[in-house]
2 protein chains.
Amino acid sequence: MATLPNPLELRTPDHSIEELFIKRWSPRALSGDAITAAAVNSLFEAARWAPSSFNEQEWRFLYAHNESEHWSTFFDLLVEANQLWCKNAGVLIVVFSRTTFTRNGKPNSTHEFDTGLATQNLMLQAAAMGLVSHAMAGFDRGQSKRSLNVPDGFEPHCMLAIGHPGDPAELPENYQGMETPSGRKQLPEIAREGTFSFDE
Amino acid sequence: MATLPNPLELRTPDHSIEELFIKRWSPRALSGDAITAAAVNSLFEAARWAPSSFNEQEWRFLYAHNESEHWSTFFDLLVEANQLWCKNAGVLIVVFSRTTFTRNGKPNSTHEFDTGLATQNLMLQAAAMGLVSHAMAGFDRGQSKRSLNVPDGFEPHCMLAIGHPGDPAELPENYQGMETPSGRKQLPEIAREGTFSFDE
């Protein structure tokens, strides 16, 4: 069996950082093995401790294990290009947020941003446990609200596939070449002291 | 000198997670000491490795060290309640994102969310280095674009104060009581299997 590449061998940070940030990447080769309830709890526990404006904690996660009655409801939300490999995920998650503050009903202008903070914790915890997490924009957002009975005032942001690493050779051929950790822009392309001087 | 409480002693996760997620919190007591250029690079390096839709990396960070010519431009963006304690930050950051894809010019519906992913990496890296990071919604968003010459097509999300831990007794009296790590909702309030069943 072929194995997934190790990002720690393929990515070289330019400045010293925690290894976990490099270790997290987004492969598609999953084994189909189940994720334990304990592991799922650890993922959401990590998300739980993210910061948010006024500690609103506006993130909401709905999920399905791959052998549950709910699986097909989640799986059917994905575009076909994601279904091709997500069939081997152990858990599928849809990430939502509440768009108004519980405290006063006013619009929460950072609900998407805050929910990103929490979701990164979730994905890093997955990497720490040796699990794959892969965030996807390719799903039917409107249908996700209807299929999952999500009330007005909550909006979806992404779906996440969580799985055990699989054999890249078992992916469709045109997906196999993507199974390598992606690179990044240079640091001066994303961070500068002073006023905006990026070459955009 | 009083010292900041240790979140590892005050927060008890319900499920096993990496300690770093608990260690990160948002105090206001900062020492005023400078942040080295190497430390700043490590913060943005961590942000750099976050995932994004189509690997767009739409996050942009502008920052100022507390002894630089740019400091007052950044400091003046903050609401007074944040200026009161941010005067002792070592670095102030404004977090922006590009709202359209570089690849095709179309709107990027996950730019806020993705930029949250990257910003969480930054804050976790700060915690790993023993630095405080504190995200703030309390700043003038419109003025941040004007003062920092940010072009159309980029939007601000938050400001971050980065600093060395300070003495809580030196904060204004009505701020001292806030210097304790905040709690969180219970896990079933943010994550459920199947359809939406939160009590909202």
# chains A, B, ... in the order shown; residues from 1 in each chain; ligands from 1

$ select_by_dssp --residues "range 94-190 of chain B" --states "strand (DSSP E)" --output "list in words"
Val94, Val95, Phe96, Ser97, Arg98, Val132, Ser133, His134, Ala135, Met136, Phe154, Glu155, Pro156, His157, Cys158, Met159, Leu160, Ala161, Ile162 and Gly163 of chain B

$ write_last_selection --atoms "C-alpha atoms" --output "PDB file, in the first residue's frame"
ATOM      1  CA  VAL B  94      -4.843  44.861  11.715  1.00  0.00           C
ATOM      2  CA  VAL B  95      -6.133  41.728   9.984  1.00  0.00           C
ATOM      3  CA  PHE B  96      -7.510  42.198   6.458  1.00  0.00           C
ATOM      4  CA  SER B  97      -8.576  39.930   3.650  1.00  0.00           C
ATOM      5  CA  ARG B  98      -8.954  40.187  -0.092  1.00  0.00           C
ATOM      6  CA  VAL B 132      -0.284  37.414  24.885  1.00  0.00           C
ATOM      7  CA  SER B 133      -2.466  37.858  21.827  1.00  0.00           C
ATOM      8  CA  HIS B 134      -5.802  39.586  22.220  1.00  0.00           C
ATOM      9  CA  ALA B 135      -8.198  39.978  19.304  1.00  0.00           C
ATOM     10  CA  MET B 136     -10.394  43.064  19.293  1.00  0.00           C
ATOM     11  CA  PHE B 154      -9.829  44.389   1.016  1.00  0.00           C
ATOM     12  CA  GLU B 155     -11.764  44.403   4.276  1.00  0.00           C
ATOM     13  CA  PRO B 156     -10.646  44.539   7.930  1.00  0.00           C
ATOM     14  CA  HIS B 157     -11.761  41.931  10.454  1.00  0.00           C
ATOM     15  CA  CYS B 158     -10.063  42.604  13.754  1.00  0.00           C
ATOM     16  CA  MET B 159      -7.098  44.130  15.459  1.00  0.00           C
ATOM     17  CA  LEU B 160      -4.702  42.081  17.527  1.00  0.00           C
ATOM     18  CA  ALA B 161      -2.632  43.244  20.454  1.00  0.00           C
ATOM     19  CA  ILE B 162       0.530  41.203  20.908  1.00  0.00           C
ATOM     20  CA  GLY B 163       2.529  41.665  24.070  1.00  0.00           C
TER      21      GLY B 163
END

$ select_by_dssp --residues "range 28-195 of chain B" --states "alpha helix (DSSP H)" --output "ChimeraX atom specification"
/B:37-48,71-75,80-86,111-128,141-147,173-176

$ closest_residue --among "B:Leu84, B:Ala64, B:Ala46, B:Met1" --to "Asn174 in chain B" --atoms "only C-alpha atoms"
B:Leu84

$ closest_atom_pairs --of "chain B" --to "chain A" --cutoff "7 Å" --atoms "only C-alpha atoms" --output "CSV"
residue,atom,partner,partner_atom,distance
B:His15,CA,A:Ser42,CA,5.4
B:Ser16,CA,A:Ser42,CA,5.6
B:Ile17,CA,A:Ser42,CA,5.7
B:Glu18,CA,A:Gln125,CA,6.8
B:Phe21,CA,A:Trp49,CA,6.3
B:Ile22,CA,A:Trp49,CA,6.5
B:Asn41,CA,A:His15,CA,6.3
B:Ser42,CA,A:His15,CA,5.4
B:Phe44,CA,A:Ala191,CA,6.9
B:Glu45,CA,A:His15,CA,6.2
B:Ala46,CA,A:Ile17,CA,6.1
B:Arg48,CA,A:Arg184,CA,6.8
B:Trp49,CA,A:Phe21,CA,6.2
B:Ser53,CA,A:Ala137,CA,6.7
B:Trp59,CA,A:Ile190,CA,6.5
B:Arg60,CA,A:Ile190,CA,4.7
B:Phe61,CA,A:Ala191,CA,4.5
B:Leu62,CA,A:Arg192,CA,5.2
B:Tyr63,CA,A:Glu193,CA,4.7
B:Ala64,CA,A:Glu193,CA,5.5
B:His70,CA,A:Gly194,CA,5.5
B:Thr110,CA,A:His157,CA,6.9
B:Glu112,CA,A:Phe113,CA,4.9
B:Phe113,CA,A:Gly116,CA,4.5
B:Asp114,CA,A:Gly116,CA,6.1
B:Thr115,CA,A:Phe113,CA,6.6
B:Gly116,CA,A:Gly116,CA,4.2
B:Leu117,CA,A:Gly116,CA,4.7
B:Thr119,CA,A:Leu117,CA,6.8
B:Gln120,CA,A:Leu117,CA,4.9
B:Gln125,CA,A:Glu18,CA,6.8
B:Ala137,CA,A:Ser53,CA,6.7
B:Leu148,CA,A:Thr195,CA,4.3
B:Asn149,CA,A:Phe196,CA,5.6
B:Val150,CA,A:Phe196,CA,5.5
B:His157,CA,A:Thr110,CA,6.9
B:Arg184,CA,A:Arg48,CA,6.8
B:Leu187,CA,A:Glu45,CA,6.8
B:Ile190,CA,A:Arg60,CA,4.7
B:Ala191,CA,A:Phe61,CA,4.5
B:Arg192,CA,A:Leu62,CA,5.2
B:Glu193,CA,A:Tyr63,CA,4.7
B:Gly194,CA,A:His70,CA,5.5
B:Thr195,CA,A:Leu148,CA,4.3
B:Phe196,CA,A:Val150,CA,5.5

$ write_last_selection --atoms "C-alpha atoms" --output "short mmCIF file (atom, residue, chain, number, x, y, z; two decimals), in the first residue's frame"
data_model
loop_
_atom_site.label_atom_id
_atom_site.label_comp_id
_atom_site.auth_asym_id
_atom_site.auth_seq_id
_atom_site.Cartn_x
_atom_site.Cartn_y
_atom_site.Cartn_z
CA HIS B 15 -12.24 15.85 26.47
CA SER B 16 -8.57 15.29 25.74
CA ILE B 17 -7.01 18.05 23.60
CA GLU B 18 -3.66 19.66 22.93
CA PHE B 21 -5.77 25.39 22.92
CA ILE B 22 -6.33 25.87 26.67
CA ASN B 41 8.03 36.54 11.91
CA SER B 42 7.08 33.38 13.77
CA PHE B 44 2.98 35.38 10.64
CA GLU B 45 4.77 32.20 9.62
CA ALA B 46 2.20 30.23 11.63
CA ARG B 48 0.90 31.44 6.57
CA TRP B 49 0.31 27.68 6.78
CA SER B 53 -10.31 27.94 -0.48
CA TRP B 59 -5.28 37.11 4.52
CA ARG B 60 -3.17 40.26 4.81
CA PHE B 61 -1.62 41.50 8.04
CA LEU B 62 -0.44 45.06 8.65
CA TYR B 63 1.37 45.75 11.88
CA ALA B 64 3.38 48.24 13.92
CA HIS B 70 3.71 53.62 12.47
CA THR B 110 -15.09 32.34 2.54
CA GLU B 112 -13.65 36.09 6.38
CA PHE B 113 -13.77 32.46 7.47
CA ASP B 114 -10.40 31.58 5.91
CA THR B 115 -8.80 34.63 7.49
CA GLY B 116 -10.11 33.40 10.83
CA LEU B 117 -8.32 30.09 10.23
CA THR B 119 -5.49 34.24 12.59
CA GLN B 120 -6.07 31.36 14.98
CA GLN B 125 1.79 30.50 18.00
CA ALA B 137 -13.49 44.08 17.36
CA LEU B 148 -3.35 52.38 6.14
CA ASN B 149 -4.00 53.11 2.43
CA VAL B 150 -5.88 49.84 1.98
CA HIS B 157 -11.76 41.93 10.45
CA ARG B 184 -17.15 28.12 27.47
CA LEU B 187 -20.09 20.77 24.08
CA ILE B 190 -22.15 23.76 19.91
CA ALA B 191 -21.93 20.29 18.32
CA ARG B 192 -24.64 17.71 17.55
CA GLU B 193 -24.92 14.65 15.34
CA GLY B 194 -27.65 14.89 12.71
CA THR B 195 -30.04 17.77 12.18
CA PHE B 196 -30.14 21.09 14.02
#

$ atom_distance --atom1 "CA of Ala29 in chain A" --atom2 "CA of Ala127 in chain A"
14.6 Å

$ residues_around --residues "Gln83 in chain B" --least-positions-apart "3" --cutoff "12 Å" --atoms "only C-alpha atoms" --output "list in words"
Arg28, Ser72, Phe74, Phe75, Asp76, Leu77, Leu78, Val79, Glu80, Cys86, Lys87, Asn88, Ala89, Leu92, Met136, Gly138, Phe139, Met159, Ala161, Leu171 and Pro172 of chain B

$ write_last_selection --atoms "N, CA and C atoms" --output "PDB file, in the first residue's frame"
ATOM      1  N   ARG B  28      -5.400  41.316  29.315  1.00  0.00           N
ATOM      2  CA  ARG B  28      -5.132  42.711  28.933  1.00  0.00           C
ATOM      3  C   ARG B  28      -3.886  43.267  29.612  1.00  0.00           C
ATOM      4  N   SER B  72       1.481  55.106  16.191  1.00  0.00           N
ATOM      5  CA  SER B  72       0.324  55.965  16.510  1.00  0.00           C
ATOM      6  C   SER B  72      -0.791  55.787  15.486  1.00  0.00           C
ATOM      7  N   PHE B  74      -1.695  53.034  14.089  1.00  0.00           N
ATOM      8  CA  PHE B  74      -2.436  51.834  14.491  1.00  0.00           C
ATOM      9  C   PHE B  74      -3.190  52.069  15.805  1.00  0.00           C
ATOM     10  N   PHE B  75      -2.477  52.659  16.755  1.00  0.00           N
ATOM     11  CA  PHE B  75      -3.063  52.868  18.087  1.00  0.00           C
ATOM     12  C   PHE B  75      -4.318  53.738  18.016  1.00  0.00           C
ATOM     13  N   ASP B  76      -4.275  54.739  17.144  1.00  0.00           N
ATOM     14  CA  ASP B  76      -5.398  55.680  17.034  1.00  0.00           C
ATOM     15  C   ASP B  76      -6.653  55.028  16.458  1.00  0.00           C
ATOM     16  N   LEU B  77      -6.532  53.849  15.859  1.00  0.00           N
ATOM     17  CA  LEU B  77      -7.704  53.155  15.313  1.00  0.00           C
ATOM     18  C   LEU B  77      -8.559  52.530  16.411  1.00  0.00           C
ATOM     19  N   LEU B  78      -7.943  52.293  17.563  1.00  0.00           N
ATOM     20  CA  LEU B  78      -8.630  51.562  18.637  1.00  0.00           C
ATOM     21  C   LEU B  78      -9.631  52.442  19.373  1.00  0.00           C
ATOM     22  N   VAL B  79     -10.735  51.835  19.826  1.00  0.00           N
ATOM     23  CA  VAL B  79     -11.641  52.548  20.719  1.00  0.00           C
ATOM     24  C   VAL B  79     -10.920  52.782  22.048  1.00  0.00           C
ATOM     25  N   GLU B  80     -11.395  53.778  22.774  1.00  0.00           N
ATOM     26  CA  GLU B  80     -10.685  54.204  23.985  1.00  0.00           C
ATOM     27  C   GLU B  80     -10.541  53.055  24.993  1.00  0.00           C
ATOM     28  N   CYS B  86      -3.959  48.689  25.567  1.00  0.00           N
ATOM     29  CA  CYS B  86      -3.096  48.407  24.404  1.00  0.00           C
ATOM     30  C   CYS B  86      -1.876  49.318  24.348  1.00  0.00           C
ATOM     31  N   LYS B  87      -1.859  50.347  25.166  1.00  0.00           N
ATOM     32  CA  LYS B  87      -0.654  51.197  25.210  1.00  0.00           C
ATOM     33  C   LYS B  87       0.560  50.386  25.645  1.00  0.00           C
ATOM     34  N   ASN B  88       0.339  49.249  26.290  1.00  0.00           N
ATOM     35  CA  ASN B  88       1.451  48.395  26.711  1.00  0.00           C
ATOM     36  C   ASN B  88       1.675  47.186  25.801  1.00  0.00           C
ATOM     37  N   ALA B  89       1.027  47.183  24.639  1.00  0.00           N
ATOM     38  CA  ALA B  89       1.293  46.106  23.665  1.00  0.00           C
ATOM     39  C   ALA B  89       2.657  46.328  23.028  1.00  0.00           C
ATOM     40  N   LEU B  92       0.887  45.977  17.406  1.00  0.00           N
ATOM     41  CA  LEU B  92      -0.534  46.002  17.028  1.00  0.00           C
ATOM     42  C   LEU B  92      -0.657  45.549  15.581  1.00  0.00           C
ATOM     43  N   MET B 136      -9.448  42.005  18.941  1.00  0.00           N
ATOM     44  CA  MET B 136     -10.394  43.064  19.293  1.00  0.00           C
ATOM     45  C   MET B 136     -11.266  43.439  18.101  1.00  0.00           C
ATOM     46  N   GLY B 138     -13.148  46.121  18.645  1.00  0.00           N
ATOM     47  CA  GLY B 138     -13.330  47.530  18.963  1.00  0.00           C
ATOM     48  C   GLY B 138     -12.289  48.433  18.336  1.00  0.00           C
ATOM     49  N   PHE B 139     -12.480  48.710  17.033  1.00  0.00           N
ATOM     50  CA  PHE B 139     -11.610  49.661  16.328  1.00  0.00           C
ATOM     51  C   PHE B 139     -12.408  50.238  15.167  1.00  0.00           C
ATOM     52  N   MET B 159      -8.451  43.752  15.081  1.00  0.00           N
ATOM     53  CA  MET B 159      -7.098  44.130  15.459  1.00  0.00           C
ATOM     54  C   MET B 159      -6.619  43.157  16.511  1.00  0.00           C
ATOM     55  N   ALA B 161      -3.725  42.744  19.615  1.00  0.00           N
ATOM     56  CA  ALA B 161      -2.632  43.244  20.454  1.00  0.00           C
ATOM     57  C   ALA B 161      -1.736  42.064  20.793  1.00  0.00           C
ATOM     58  N   LEU B 171      -3.380  47.534  35.766  1.00  0.00           N
ATOM     59  CA  LEU B 171      -4.522  47.883  34.905  1.00  0.00           C
ATOM     60  C   LEU B 171      -5.463  48.823  35.658  1.00  0.00           C
ATOM     61  N   PRO B 172      -6.269  49.615  34.942  1.00  0.00           N
ATOM     62  CA  PRO B 172      -7.329  50.375  35.622  1.00  0.00           C
ATOM     63  C   PRO B 172      -8.178  49.418  36.467  1.00  0.00           C
TER      64      PRO B 172
END

$ atom_distance --atom1 "CA of Leu131 in chain B" --atom2 "CA of Phe101 in chain A"
29.2 Å

$ atom_distance --atom1 "CA of Arg103 in chain A" --atom2 "CA of Asn108 in chain B"
29.5 Å
